[in-house]
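Structure data follow from target-v9.pdb (PDB, C-alpha atoms, pLDDT in the B column):
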MODEL        1
ATOM      1  CA  MET A 267       6.757 -34.170  65.887  1.00 50.00           C
ATOM      2  CA  LYS A 268       6.769 -36.434  62.836  1.00 46.00           C
ATOM      3  CA  GLN A 269       4.494 -38.857  64.648  1.00 50.00           C
ATOM      4  CA  PHE A 270       2.106 -36.013  65.418  1.00 44.00           C
ATOM      5  CA  TYR A 271       1.858 -34.968  61.761  1.00 46.00           C
ATOM      6  CA  PHE A 272       1.408 -38.601  60.665  1.00 44.00           C
ATOM      7  CA  LEU A 273      -1.412 -39.045  63.174  1.00 43.00           C
ATOM      8  CA  LEU A 274      -3.043 -35.816  61.968  1.00 45.00           C
ATOM      9  CA  VAL A 275      -2.962 -37.002  58.329  1.00 43.00           C
ATOM     10  CA  VAL A 276      -4.535 -40.345  59.286  1.00 41.00           C
ATOM     11  CA  LEU A 277      -7.328 -38.626  61.210  1.00 45.00           C
ATOM     12  CA  MET A 278      -8.066 -36.287  58.281  1.00 49.00           C
ATOM     13  CA  ALA A 279      -8.180 -39.231  55.878  1.00 46.00           C
ATOM     14  CA  LEU A 280     -10.607 -41.126  58.111  1.00 46.00           C
ATOM     15  CA  SER A 281     -12.765 -38.021  58.482  1.00 50.00           C
ATOM     16  CA  LEU A 282     -12.900 -37.536  54.689  1.00 44.00           C
ATOM     17  CA  GLN A 283     -13.843 -41.171  54.128  1.00 46.00           C
ATOM     18  CA  SER A 284     -16.600 -40.887  56.719  1.00 46.00           C
ATOM     19  CA  CYS A 285     -18.010 -37.864  54.906  1.00 43.00           C
ATOM     20  CA  ARG A 286     -18.000 -39.746  51.634  1.00 40.00           C
ATOM     21  CA  ASN A 287     -19.831 -42.687  53.174  1.00 43.00           C
ATOM     22  CA  ASN A 288     -22.516 -40.416  54.619  1.00 41.00           C
ATOM     23  CA  LEU A 289     -22.988 -38.435  51.410  1.00 37.00           C
ATOM     24  CA  ASN A 290     -26.352 -39.122  49.765  1.00 41.00           C
ATOM     25  CA  LEU A 291     -25.375 -39.547  46.128  1.00 35.00           C
ATOM     26  CA  PRO A 292     -28.257 -39.410  43.611  1.00 38.00           C
ATOM     27  CA  SER A 293     -29.147 -42.840  42.150  1.00 36.00           C
ATOM     28  CA  PRO A 294     -29.824 -43.251  38.431  1.00 42.00           C
ATOM     29  CA  ALA A 295     -33.444 -42.508  37.513  1.00 51.00           C
ATOM     30  CA  SER A 296     -35.575 -45.613  36.880  1.00 69.00           C
ATOM     31  CA  ARG A 297     -37.271 -46.074  33.519  1.00 81.00           C
ATOM     32  CA  ASN A 298     -40.841 -44.939  33.093  1.00 91.00           C
ATOM     33  CA  TYR A 299     -43.700 -47.182  31.934  1.00 94.00           C
ATOM     34  CA  GLN A 300     -43.261 -46.435  28.242  1.00 90.00           C
ATOM     35  CA  GLN A 301     -39.551 -47.249  28.392  1.00 92.00           C
ATOM     36  CA  ASP A 302     -40.138 -50.521  30.248  1.00 95.00           C
ATOM     37  CA  VAL A 303     -42.886 -51.533  27.825  1.00 95.00           C
ATOM     38  CA  ALA A 304     -40.510 -51.000  24.904  1.00 92.00           C
ATOM     39  CA  VAL A 305     -38.270 -53.649  26.482  1.00 92.00           C
ATOM     40  CA  LEU A 306     -41.109 -56.005  27.418  1.00 95.00           C
ATOM     41  CA  ASN A 307     -42.560 -56.013  23.901  1.00 94.00           C
ATOM     42  CA  ASP A 308     -39.429 -57.792  22.675  1.00 92.00           C
ATOM     43  CA  PHE A 309     -40.201 -60.690  25.018  1.00 94.00           C
ATOM     44  CA  VAL A 310     -43.897 -61.165  24.180  1.00 96.00           C
ATOM     45  CA  ASP A 311     -44.771 -64.556  22.683  1.00 96.00           C
ATOM     46  CA  ILE A 312     -48.001 -66.166  21.466  1.00 97.00           C
ATOM     47  CA  ASN A 313     -49.409 -69.380  22.874  1.00 97.00           C
ATOM     48  CA  LYS A 314     -51.032 -70.680  19.692  1.00 95.00           C
ATOM     49  CA  THR A 315     -52.933 -73.388  21.568  1.00 95.00           C
ATOM     50  CA  THR A 316     -54.686 -71.171  24.101  1.00 95.00           C
ATOM     51  CA  HIS A 317     -54.630 -67.955  22.018  1.00 96.00           C
ATOM     52  CA  GLU A 318     -52.843 -66.043  24.764  1.00 97.00           C
ATOM     53  CA  TYR A 319     -49.972 -63.598  24.964  1.00 98.00           C
ATOM     54  CA  TYR A 320     -47.280 -64.065  27.592  1.00 97.00           C
ATOM     55  CA  VAL A 321     -43.876 -62.673  28.556  1.00 95.00           C
ATOM     56  CA  ASN A 322     -41.180 -65.192  27.627  1.00 93.00           C
ATOM     57  CA  PRO A 323     -37.911 -64.278  29.392  1.00 91.00           C
ATOM     58  CA  ASN A 324     -36.024 -66.783  27.211  1.00 87.00           C
ATOM     59  CA  LYS A 325     -37.134 -65.288  23.916  1.00 85.00           C
ATOM     60  CA  LYS A 326     -34.338 -64.282  21.579  1.00 71.00           C
ATOM     61  CA  SER A 327     -35.678 -61.264  19.728  1.00 59.00           C
ATOM     62  CA  THR A 328     -32.598 -60.498  17.643  1.00 56.00           C
ATOM     63  CA  ALA A 329     -29.488 -62.251  16.399  1.00 51.00           C
ATOM     64  CA  LEU A 330     -27.468 -60.197  18.868  1.00 48.00           C
ATOM     65  CA  SER A 331     -29.506 -61.704  21.696  1.00 53.00           C
ATOM     66  CA  TYR A 332     -27.848 -65.051  21.079  1.00 47.00           C
ATOM     67  CA  LEU A 333     -24.390 -63.553  21.560  1.00 42.00           C
ATOM     68  CA  THR A 334     -24.925 -61.226  24.513  1.00 49.00           C
ATOM     69  CA  ASN A 335     -27.056 -61.024  27.631  1.00 58.00           C
ATOM     70  CA  THR A 336     -27.954 -57.383  27.056  1.00 58.00           C
ATOM     71  CA  SER A 337     -31.659 -58.099  26.509  1.00 71.00           C
ATOM     72  CA  ALA A 338     -31.881 -60.288  29.597  1.00 75.00           C
ATOM     73  CA  GLU A 339     -30.215 -57.577  31.654  1.00 82.00           C
ATOM     74  CA  GLU A 340     -32.736 -55.047  30.355  1.00 85.00           C
ATOM     75  CA  LEU A 341     -35.579 -57.390  31.298  1.00 89.00           C
ATOM     76  CA  ASN A 342     -34.212 -57.875  34.807  1.00 89.00           C
ATOM     77  CA  ALA A 343     -34.150 -54.095  35.247  1.00 91.00           C
ATOM     78  CA  ILE A 344     -37.907 -53.761  34.633  1.00 94.00           C
ATOM     79  CA  ASN A 345     -39.790 -51.911  37.368  1.00 95.00           C
ATOM     80  CA  PRO A 346     -42.107 -54.486  39.042  1.00 94.00           C
ATOM     81  CA  VAL A 347     -44.976 -51.984  39.081  1.00 95.00           C
ATOM     82  CA  ASN A 348     -44.630 -51.433  35.334  1.00 95.00           C
ATOM     83  CA  LEU A 349     -44.391 -55.182  34.741  1.00 95.00           C
ATOM     84  CA  ASN A 350     -47.617 -55.748  36.665  1.00 96.00           C
ATOM     85  CA  SER A 351     -49.436 -53.033  34.675  1.00 96.00           C
ATOM     86  CA  PHE A 352     -48.170 -54.523  31.415  1.00 97.00           C
ATOM     87  CA  LYS A 353     -49.354 -58.021  32.358  1.00 96.00           C
ATOM     88  CA  GLN A 354     -52.766 -56.645  33.306  1.00 96.00           C
ATOM     89  CA  SER A 355     -53.003 -55.079  29.859  1.00 96.00           C
ATOM     90  CA  ILE A 356     -52.252 -58.305  27.998  1.00 97.00           C
ATOM     91  CA  ASN A 357     -54.451 -60.339  30.359  1.00 97.00           C
ATOM     92  CA  GLN A 358     -57.429 -58.190  29.401  1.00 96.00           C
ATOM     93  CA  ILE A 359     -56.832 -59.086  25.765  1.00 97.00           C
ATOM     94  CA  ASN A 360     -56.264 -62.740  26.673  1.00 98.00           C
ATOM     95  CA  ASN A 361     -59.578 -62.912  28.543  1.00 97.00           C
ATOM     96  CA  MET A 362     -61.419 -61.243  25.699  1.00 95.00           C
ATOM     97  CA  SER A 363     -59.978 -63.468  22.997  1.00 95.00           C
ATOM     98  CA  GLY A 364     -60.488 -66.569  25.147  1.00 95.00           C
ATOM     99  CA  GLN A 365     -64.178 -65.846  25.558  1.00 95.00           C
ATOM    100  CA  LEU A 366     -64.705 -65.139  21.859  1.00 95.00           C
ATOM    101  CA  VAL A 367     -62.814 -68.253  20.795  1.00 93.00           C
ATOM    102  CA  SER A 368     -64.445 -70.625  23.293  1.00 93.00           C
ATOM    103  CA  SER A 369     -67.924 -69.423  22.300  1.00 94.00           C
ATOM    104  CA  HIS A 370     -67.056 -69.532  18.571  1.00 93.00           C
ATOM    105  CA  ARG A 371     -68.282 -65.958  18.172  1.00 95.00           C
ATOM    106  CA  VAL A 372     -65.441 -65.134  15.777  1.00 98.00           C
ATOM    107  CA  ASP A 373     -64.425 -66.799  12.534  1.00 98.00           C
ATOM    108  CA  TYR A 374     -60.767 -65.837  12.856  1.00 98.00           C
ATOM    109  CA  ILE A 375     -58.451 -64.392  15.447  1.00 98.00           C
ATOM    110  CA  VAL A 376     -55.378 -62.513  14.252  1.00 98.00           C
ATOM    111  CA  MET A 377     -52.668 -62.235  16.907  1.00 98.00           C
ATOM    112  CA  ILE A 378     -49.839 -59.775  16.327  1.00 98.00           C
ATOM    113  CA  THR A 379     -46.611 -58.976  18.148  1.00 96.00           C
ATOM    114  CA  GLU A 380     -43.730 -56.789  17.084  1.00 93.00           C
ATOM    115  CA  SER A 381     -42.089 -59.773  15.373  1.00 91.00           C
ATOM    116  CA  ASP A 382     -44.888 -62.225  14.566  1.00 94.00           C
ATOM    117  CA  ILE A 383     -48.365 -62.511  13.042  1.00 97.00           C
ATOM    118  CA  TYR A 384     -50.492 -65.582  13.727  1.00 98.00           C
ATOM    119  CA  ILE A 385     -53.862 -66.190  12.030  1.00 98.00           C
ATOM    120  CA  SER A 386     -56.085 -68.843  13.594  1.00 98.00           C
ATOM    121  CA  GLN A 387     -59.295 -69.969  11.881  1.00 97.00           C
ATOM    122  CA  ILE A 388     -61.880 -70.689  14.565  1.00 97.00           C
ATOM    123  CA  LYS A 389     -64.874 -71.602  12.384  1.00 96.00           C
ATOM    124  CA  VAL A 390     -64.099 -74.219   9.760  1.00 94.00           C
ATOM    125  CA  ASN A 391     -67.222 -73.246   7.802  1.00 95.00           C
ATOM    126  CA  SER A 392     -66.497 -69.516   7.685  1.00 96.00           C
ATOM    127  CA  SER A 393     -67.922 -67.568   4.747  1.00 95.00           C
ATOM    128  CA  ILE A 394     -64.554 -65.892   4.135  1.00 96.00           C
ATOM    129  CA  GLN A 395     -60.902 -66.760   3.719  1.00 97.00           C
ATOM    130  CA  LEU A 396     -58.425 -64.497   5.471  1.00 98.00           C
ATOM    131  CA  LYS A 397     -54.693 -64.523   4.859  1.00 96.00           C
ATOM    132  CA  ARG A 398     -51.729 -62.279   5.384  1.00 95.00           C
ATOM    133  CA  LYS A 399     -50.248 -60.475   2.404  1.00 90.00           C
ATOM    134  CA  LEU A 400     -46.668 -61.699   2.453  1.00 78.00           C
ATOM    135  CA  SER A 401     -45.466 -59.900  -0.658  1.00 61.00           C
ATOM    136  CA  ASP A 402     -46.324 -56.320   0.078  1.00 54.00           C
ATOM    137  CA  ASN A 403     -46.755 -53.975  -2.869  1.00 57.00           C
ATOM    138  CA  ARG A 404     -48.620 -51.283  -0.929  1.00 53.00           C
ATOM    139  CA  MET A 405     -46.287 -48.614  -2.251  1.00 60.00           C
ATOM    140  CA  ASN A 406     -48.174 -48.961  -5.546  1.00 66.00           C
ATOM    141  CA  ARG A 407     -51.593 -49.167  -3.899  1.00 75.00           C
ATOM    142  CA  SER A 408     -53.992 -46.416  -2.950  1.00 88.00           C
ATOM    143  CA  ILE A 409     -56.303 -46.167   0.054  1.00 92.00           C
ATOM    144  CA  ILE A 410     -59.923 -46.090  -1.069  1.00 93.00           C
ATOM    145  CA  ALA A 411     -61.413 -45.729   2.436  1.00 95.00           C
ATOM    146  CA  THR A 412     -60.438 -45.726   6.105  1.00 96.00           C
ATOM    147  CA  SER A 413     -62.222 -46.876   9.253  1.00 96.00           C
ATOM    148  CA  ASN A 414     -61.089 -44.991  12.359  1.00 96.00           C
ATOM    149  CA  ILE A 415     -60.883 -47.458  15.219  1.00 96.00           C
ATOM    150  CA  THR A 416     -62.077 -45.274  18.055  1.00 94.00           C
ATOM    151  CA  ASP A 417     -65.040 -45.013  20.458  1.00 89.00           C
ATOM    152  CA  TYR A 418     -67.743 -45.417  17.811  1.00 86.00           C
ATOM    153  CA  LYS A 419     -68.450 -48.065  15.202  1.00 90.00           C
ATOM    154  CA  GLU A 420     -67.327 -47.357  11.657  1.00 92.00           C
ATOM    155  CA  MET A 421     -68.847 -48.930   8.540  1.00 94.00           C
ATOM    156  CA  PHE A 422     -67.629 -49.387   4.988  1.00 95.00           C
ATOM    157  CA  TYR A 423     -69.354 -50.799   1.899  1.00 95.00           C
ATOM    158  CA  THR A 424     -68.031 -51.798  -1.493  1.00 92.00           C
ATOM    159  CA  ASN A 425     -69.665 -53.814  -4.247  1.00 89.00           C
ATOM    160  CA  SER A 426     -68.703 -56.330  -6.925  1.00 85.00           C
ATOM    161  CA  LYS A 427     -65.309 -57.207  -5.513  1.00 88.00           C
ATOM    162  CA  ASP A 428     -63.668 -60.610  -5.725  1.00 88.00           C
ATOM    163  CA  TYR A 429     -61.561 -59.822  -2.672  1.00 92.00           C
ATOM    164  CA  ILE A 430     -60.664 -56.972  -0.340  1.00 94.00           C
ATOM    165  CA  GLU A 431     -57.237 -55.938   0.934  1.00 95.00           C
ATOM    166  CA  THR A 432     -56.789 -54.080   4.202  1.00 96.00           C
ATOM    167  CA  SER A 433     -53.869 -52.723   6.192  1.00 95.00           C
ATOM    168  CA  ILE A 434     -53.661 -51.744   9.857  1.00 97.00           C
ATOM    169  CA  GLU A 435     -52.159 -48.399  10.791  1.00 97.00           C
ATOM    170  CA  LEU A 436     -51.492 -48.519  14.534  1.00 97.00           C
ATOM    171  CA  TYR A 437     -51.202 -45.566  16.916  1.00 96.00           C
ATOM    172  CA  PRO A 438     -49.161 -46.999  19.813  1.00 95.00           C
ATOM    173  CA  GLN A 439     -49.187 -43.767  21.805  1.00 94.00           C
ATOM    174  CA  SER A 440     -52.959 -44.177  22.248  1.00 94.00           C
ATOM    175  CA  TYR A 441     -52.794 -47.609  23.837  1.00 94.00           C
ATOM    176  CA  LYS A 442     -49.487 -46.914  25.630  1.00 92.00           C
ATOM    177  CA  ASN A 443     -47.638 -49.284  23.315  1.00 92.00           C
ATOM    178  CA  ALA A 444     -49.055 -52.263  25.200  1.00 94.00           C
ATOM    179  CA  ALA A 445     -52.077 -54.420  24.260  1.00 96.00           C
ATOM    180  CA  TRP A 446     -54.797 -53.495  21.762  1.00 97.00           C
ATOM    181  CA  ALA A 447     -57.777 -55.169  20.061  1.00 97.00           C
ATOM    182  CA  PHE A 448     -60.609 -54.443  17.655  1.00 97.00           C
ATOM    183  CA  LEU A 449     -63.370 -56.511  16.079  1.00 97.00           C
ATOM    184  CA  VAL A 450     -64.236 -56.486  12.372  1.00 98.00           C
ATOM    185  CA  THR A 451     -67.606 -57.888  11.319  1.00 97.00           C
ATOM    186  CA  CYS A 452     -68.373 -58.239   7.635  1.00 95.00           C
ATOM    187  CA  LYS A 453     -71.375 -59.314   5.618  1.00 94.00           C
ATOM    188  CA  VAL A 454     -70.580 -60.697   2.204  1.00 94.00           C
ATOM    189  CA  GLY A 455     -72.860 -61.795  -0.612  1.00 91.00           C
ATOM    190  CA  TYR A 456     -75.027 -60.588  -3.467  1.00 87.00           C
ATOM    191  CA  ASN A 457     -77.688 -57.904  -3.776  1.00 76.00           C
ATOM    192  CA  ASP A 458     -80.467 -60.469  -3.658  1.00 67.00           C
ATOM    193  CA  GLY A 459     -80.136 -60.514   0.126  1.00 71.00           C
ATOM    194  CA  ASN A 460     -78.171 -63.750   0.299  1.00 80.00           C
ATOM    195  CA  LYS A 461     -75.420 -62.507   2.589  1.00 89.00           C
ATOM    196  CA  GLU A 462     -73.366 -64.294   5.215  1.00 93.00           C
ATOM    197  CA  SER A 463     -71.630 -62.790   8.240  1.00 95.00           C
ATOM    198  CA  ALA A 464     -68.105 -63.307   9.515  1.00 97.00           C
ATOM    199  CA  SER A 465     -66.174 -61.763  12.401  1.00 98.00           C
ATOM    200  CA  VAL A 466     -62.456 -61.331  12.892  1.00 98.00           C
ATOM    201  CA  LEU A 467     -60.754 -60.282  16.111  1.00 98.00           C
ATOM    202  CA  PHE A 468     -57.515 -58.406  15.503  1.00 98.00           C
ATOM    203  CA  CYS A 469     -55.385 -58.100  18.626  1.00 98.00           C
ATOM    204  CA  GLY A 470     -51.793 -57.398  19.411  1.00 98.00           C
ATOM    205  CA  VAL A 471     -49.103 -56.247  21.795  1.00 97.00           C
ATOM    206  CA  GLY A 472     -46.802 -53.394  20.880  1.00 95.00           C
ATOM    207  CA  PHE A 473     -46.337 -52.062  17.380  1.00 95.00           C
ATOM    208  CA  HIS A 474     -46.129 -53.884  14.054  1.00 95.00           C
ATOM    209  CA  ILE A 475     -45.579 -51.755  10.953  1.00 92.00           C
ATOM    210  CA  SER A 476     -48.757 -51.731   8.828  1.00 92.00           C
ATOM    211  CA  PRO A 477     -49.561 -55.450   8.489  1.00 95.00           C
ATOM    212  CA  SER A 478     -51.851 -56.166   5.532  1.00 95.00           C
ATOM    213  CA  PHE A 479     -54.424 -58.889   4.863  1.00 96.00           C
ATOM    214  CA  GLU A 480     -56.517 -60.246   2.023  1.00 96.00           C
ATOM    215  CA  TRP A 481     -60.186 -61.121   2.449  1.00 96.00           C
ATOM    216  CA  SER A 482     -61.890 -63.399  -0.091  1.00 95.00           C
ATOM    217  CA  ALA A 483     -65.445 -64.764  -0.141  1.00 93.00           C
ATOM    218  CA  ASN A 484     -66.323 -68.434  -0.387  1.00 90.00           C
ATOM    219  CA  GLN A 485     -69.563 -67.601  -2.209  1.00 83.00           C
ATOM    220  CA  GLY A 486     -67.905 -66.713  -5.491  1.00 80.00           C
ATOM    221  CA  ASN A 487     -66.826 -63.654  -7.458  1.00 84.00           C
ATOM    222  CA  ASN A 488     -68.104 -60.064  -7.637  1.00 89.00           C
ATOM    223  CA  VAL A 489     -69.791 -60.023  -4.254  1.00 92.00           C
ATOM    224  CA  ASP A 490     -70.700 -57.076  -2.049  1.00 93.00           C
ATOM    225  CA  TRP A 491     -68.865 -56.378   1.204  1.00 95.00           C
ATOM    226  CA  TYR A 492     -70.199 -54.624   4.312  1.00 95.00           C
ATOM    227  CA  PHE A 493     -67.661 -53.958   7.071  1.00 97.00           C
ATOM    228  CA  GLU A 494     -68.263 -52.789  10.644  1.00 97.00           C
ATOM    229  CA  VAL A 495     -65.353 -52.070  12.989  1.00 97.00           C
ATOM    230  CA  THR A 496     -65.603 -51.965  16.804  1.00 96.00           C
ATOM    231  CA  ASN A 497     -62.827 -50.752  19.104  1.00 96.00           C
ATOM    232  CA  MET A 498     -62.184 -53.029  22.093  1.00 94.00           C
ATOM    233  CA  ASN A 499     -59.867 -50.542  23.874  1.00 93.00           C
ATOM    234  CA  GLY A 500     -62.478 -48.093  25.105  1.00 89.00           C
ATOM    235  CA  ASP A 501     -62.466 -44.621  23.596  1.00 89.00           C
ATOM    236  CA  ALA A 502     -58.821 -44.407  22.471  1.00 92.00           C
ATOM    237  CA  HIS A 503     -58.131 -43.990  18.769  1.00 96.00           C
ATOM    238  CA  ILE A 504     -55.864 -47.029  18.578  1.00 97.00           C
ATOM    239  CA  ALA A 505     -55.584 -47.496  14.800  1.00 97.00           C
ATOM    240  CA  ASN A 506     -56.981 -47.036  11.321  1.00 97.00           C
ATOM    241  CA  LEU A 507     -58.159 -49.894   9.147  1.00 97.00           C
ATOM    242  CA  ASN A 508     -57.303 -48.915   5.571  1.00 96.00           C
ATOM    243  CA  TYR A 509     -59.031 -50.476   2.559  1.00 96.00           C
ATOM    244  CA  LEU A 510     -56.680 -50.706  -0.408  1.00 92.00           C
ATOM    245  CA  HIS A 511     -57.254 -50.537  -4.150  1.00 82.00           C
TER
ENDMDL
END
Using the file provided, produce a representation of the structure as structure tokens.
Amino acid sequence: MKQFYFLLVVLMALSLQSCRNNLNLPSPASRNYQQDVAVLNDFVDINKTTHEYYVNPNKKSTALSYLTNTSAEELNAINPVNLNSFKQSINQINNMSGQLVSSHRVDYIVMITESDIYISQIKVNSSIQLKRKLSDNRMNRSIIATSNITDYKEMFYTNSKDYIETSIELYPQSYKNAAWAFLVTCKVGYNDGNKESASVLFCGVGFHISPSFEWSANQGNNVDWYFEVTNMNGDAHIANLNYLH
């Protein structure tokens, strides 16, 4: 009798295990595109020779990255479909910037990631000097005008200025937190009609908090400035270009 009960217990245990093995347990939900892009942005680097963005799996984005493999594990968990879409986005910007640089149709290209800003002067004889404002005192500055970077060109004019300061206010939800670009063309000079043109391509991947820049003319002091801004991301309102006083 004891052997019968023992055999019955064994059979019940095997039956229960079989049920567990055949049970379709729900798997954890995969991340969506926005969530994967938030991870990928930490691994975006700039090739300063070719003016291209690329995903660098060895990039250490934070001090913690040197101590743990958490970031690498997050990168390995990226959905391949989302990774392909992200690379297509940055390749569009790479192709655009490559064409403008190779044809010398821009004076400067400003390349921005979440952790870096790189300014490359393409034309050595540009009529302007462009530099990043490292010491930021924008809390004490006021916005005198704003160009909405959307599906139509915006223009701004100011006169008798030695230099102009601008800041970029990005809207990452509009460009899906991936790659963005816009072109700024300015004419600088005096009222006598002696004006020179310069173009700057601003492009980036992800979100950088309100980077600011200083524009100065090589012609001298108290010149007039005419700005025209063109969105390179279609009809999305990707950012505002703020002019500071």
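Residues matched by the PyMOL selection byres ((chain A and resi 413) around 6) in this structure: Thr412, Asn414, Glu420, Asn506 and Leu507 of chain A.
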Please evaluate the PyMOL selection byres ((chain A and resi 485-497) around 9) against the structure above and give the resulting residues as a JSON list (two decimals) with C-alpha atoms, in the frame of the given file.
[["chain", "number", "residue", "atom", "x", "y", "z"],
["A", 393, "SER", "CA", -67.92, -67.57, 4.75],
["A", 394, "ILE", "CA", -64.55, -65.89, 4.14],
["A", 413, "SER", "CA", -62.22, -46.88, 9.25],
["A", 414, "ASN", "CA", -61.09, -44.99, 12.36],
["A", 415, "ILE", "CA", -60.88, -47.46, 15.22],
["A", 416, "THR", "CA", -62.08, -45.27, 18.06],
["A", 417, "ASP", "CA", -65.04, -45.01, 20.46],
["A", 418, "TYR", "CA", -67.74, -45.42, 17.81],
["A", 419, "LYS", "CA", -68.45, -48.06, 15.20],
["A", 420, "GLU", "CA", -67.33, -47.36, 11.66],
["A", 421, "MET", "CA", -68.85, -48.93, 8.54],
["A", 422, "PHE", "CA", -67.63, -49.39, 4.99],
["A", 423, "TYR", "CA", -69.35, -50.80, 1.90],
["A", 424, "THR", "CA", -68.03, -51.80, -1.49],
["A", 425, "ASN", "CA", -69.67, -53.81, -4.25],
["A", 426, "SER", "CA", -68.70, -56.33, -6.92],
["A", 427, "LYS", "CA", -65.31, -57.21, -5.51],
["A", 428, "ASP", "CA", -63.67, -60.61, -5.72],
["A", 429, "TYR", "CA", -61.56, -59.82, -2.67],
["A", 430, "ILE", "CA", -60.66, -56.97, -0.34],
["A", 446, "TRP", "CA", -54.80, -53.50, 21.76],
["A", 447, "ALA", "CA", -57.78, -55.17, 20.06],
["A", 448, "PHE", "CA", -60.61, -54.44, 17.66],
["A", 449, "LEU", "CA", -63.37, -56.51, 16.08],
["A", 450, "VAL", "CA", -64.24, -56.49, 12.37],
["A", 451, "THR", "CA", -67.61, -57.89, 11.32],
["A", 452, "CYS", "CA", -68.37, -58.24, 7.64],
["A", 453, "LYS", "CA", -71.38, -59.31, 5.62],
["A", 454, "VAL", "CA", -70.58, -60.70, 2.20],
["A", 455, "GLY", "CA", -72.86, -61.80, -0.61],
["A", 456, "TYR", "CA", -75.03, -60.59, -3.47],
["A", 457, "ASN", "CA", -77.69, -57.90, -3.78],
["A", 461, "LYS", "CA", -75.42, -62.51, 2.59],
["A", 462, "GLU", "CA", -73.37, -64.29, 5.22],
["A", 482, "SER", "CA", -61.89, -63.40, -0.09],
["A", 483, "ALA", "CA", -65.44, -64.76, -0.14],
["A", 484, "ASN", "CA", -66.32, -68.43, -0.39],
["A", 498, "MET", "CA", -62.18, -53.03, 22.09],
["A", 499, "ASN", "CA", -59.87, -50.54, 23.87],
["A", 500, "GLY", "CA", -62.48, -48.09, 25.10],
["A", 501, "ASP", "CA", -62.47, -44.62, 23.60],
["A", 502, "ALA", "CA", -58.82, -44.41, 22.47],
["A", 503, "HIS", "CA", -58.13, -43.99, 18.77],
["A", 504, "ILE", "CA", -55.86, -47.03, 18.58],
["A", 507, "LEU", "CA", -58.16, -49.89, 9.15]]
Straight-line distance linking atom CA of Gln439 of chain A with atom CA of Phe479 of chain A, stated in Å to one decimal: 23.3 Å
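Considering all atoms listed in the file, the residue among A:Lys399, A:Arg371, A:His317, A:Lys325 positioned nearest to Ser476 of chain A is A:Lys399.
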Computed interatomic separation between atom CA of Gln395 of chain A and atom CA of Glu431 of chain A (Å): 11.8 Å
Some atoms are absent from segment 415-419 of chain A, so rebuild all heavy atoms and return them as a short mmCIF file (atom, residue, chain, number, x, y, z; two decimals), in the coordinates of the input.
data_model
loop_
_atom_site.label_atom_id
_atom_site.label_comp_id
_atom_site.auth_asym_id
_atom_site.auth_seq_id
_atom_site.Cartn_x
_atom_site.Cartn_y
_atom_site.Cartn_z
N ILE A 415 -60.56 -46.54 14.13
CA ILE A 415 -60.88 -47.46 15.22
C ILE A 415 -60.83 -46.66 16.51
O ILE A 415 -59.79 -46.50 17.14
CB ILE A 415 -59.91 -48.65 15.23
CG1 ILE A 415 -59.94 -49.35 13.87
CG2 ILE A 415 -60.27 -49.63 16.33
CD1 ILE A 415 -58.87 -50.38 13.68
N THR A 416 -61.98 -46.16 16.90
CA THR A 416 -62.08 -45.27 18.06
C THR A 416 -63.31 -45.64 18.86
O THR A 416 -63.69 -46.82 18.88
CB THR A 416 -62.08 -43.80 17.60
OG1 THR A 416 -62.11 -42.95 18.73
CG2 THR A 416 -63.21 -43.49 16.66
N ASP A 417 -63.97 -44.68 19.52
CA ASP A 417 -65.04 -45.01 20.46
C ASP A 417 -66.39 -45.20 19.79
O ASP A 417 -67.39 -45.40 20.48
CB ASP A 417 -65.14 -43.94 21.54
CG ASP A 417 -65.42 -42.56 20.96
OD1 ASP A 417 -65.22 -42.39 19.75
OD2 ASP A 417 -65.82 -41.67 21.72
N TYR A 418 -66.47 -45.18 18.48
CA TYR A 418 -67.74 -45.42 17.81
C TYR A 418 -67.51 -46.39 16.66
O TYR A 418 -66.40 -46.53 16.14
CB TYR A 418 -68.36 -44.11 17.29
CG TYR A 418 -67.42 -43.29 16.44
CD1 TYR A 418 -67.33 -43.49 15.05
CD2 TYR A 418 -66.62 -42.30 17.01
CE1 TYR A 418 -66.46 -42.75 14.28
CE2 TYR A 418 -65.74 -41.56 16.24
CZ TYR A 418 -65.68 -41.78 14.87
OH TYR A 418 -64.81 -41.04 14.10
N LYS A 419 -68.56 -47.08 16.27
CA LYS A 419 -68.45 -48.06 15.20
C LYS A 419 -68.35 -47.37 13.85
O LYS A 419 -69.04 -46.39 13.59
CB LYS A 419 -69.65 -49.01 15.22
CG LYS A 419 -69.72 -49.92 16.44
CD LYS A 419 -70.90 -50.87 16.36
CE LYS A 419 -70.93 -51.79 17.57
NZ LYS A 419 -72.06 -52.73 17.52
#
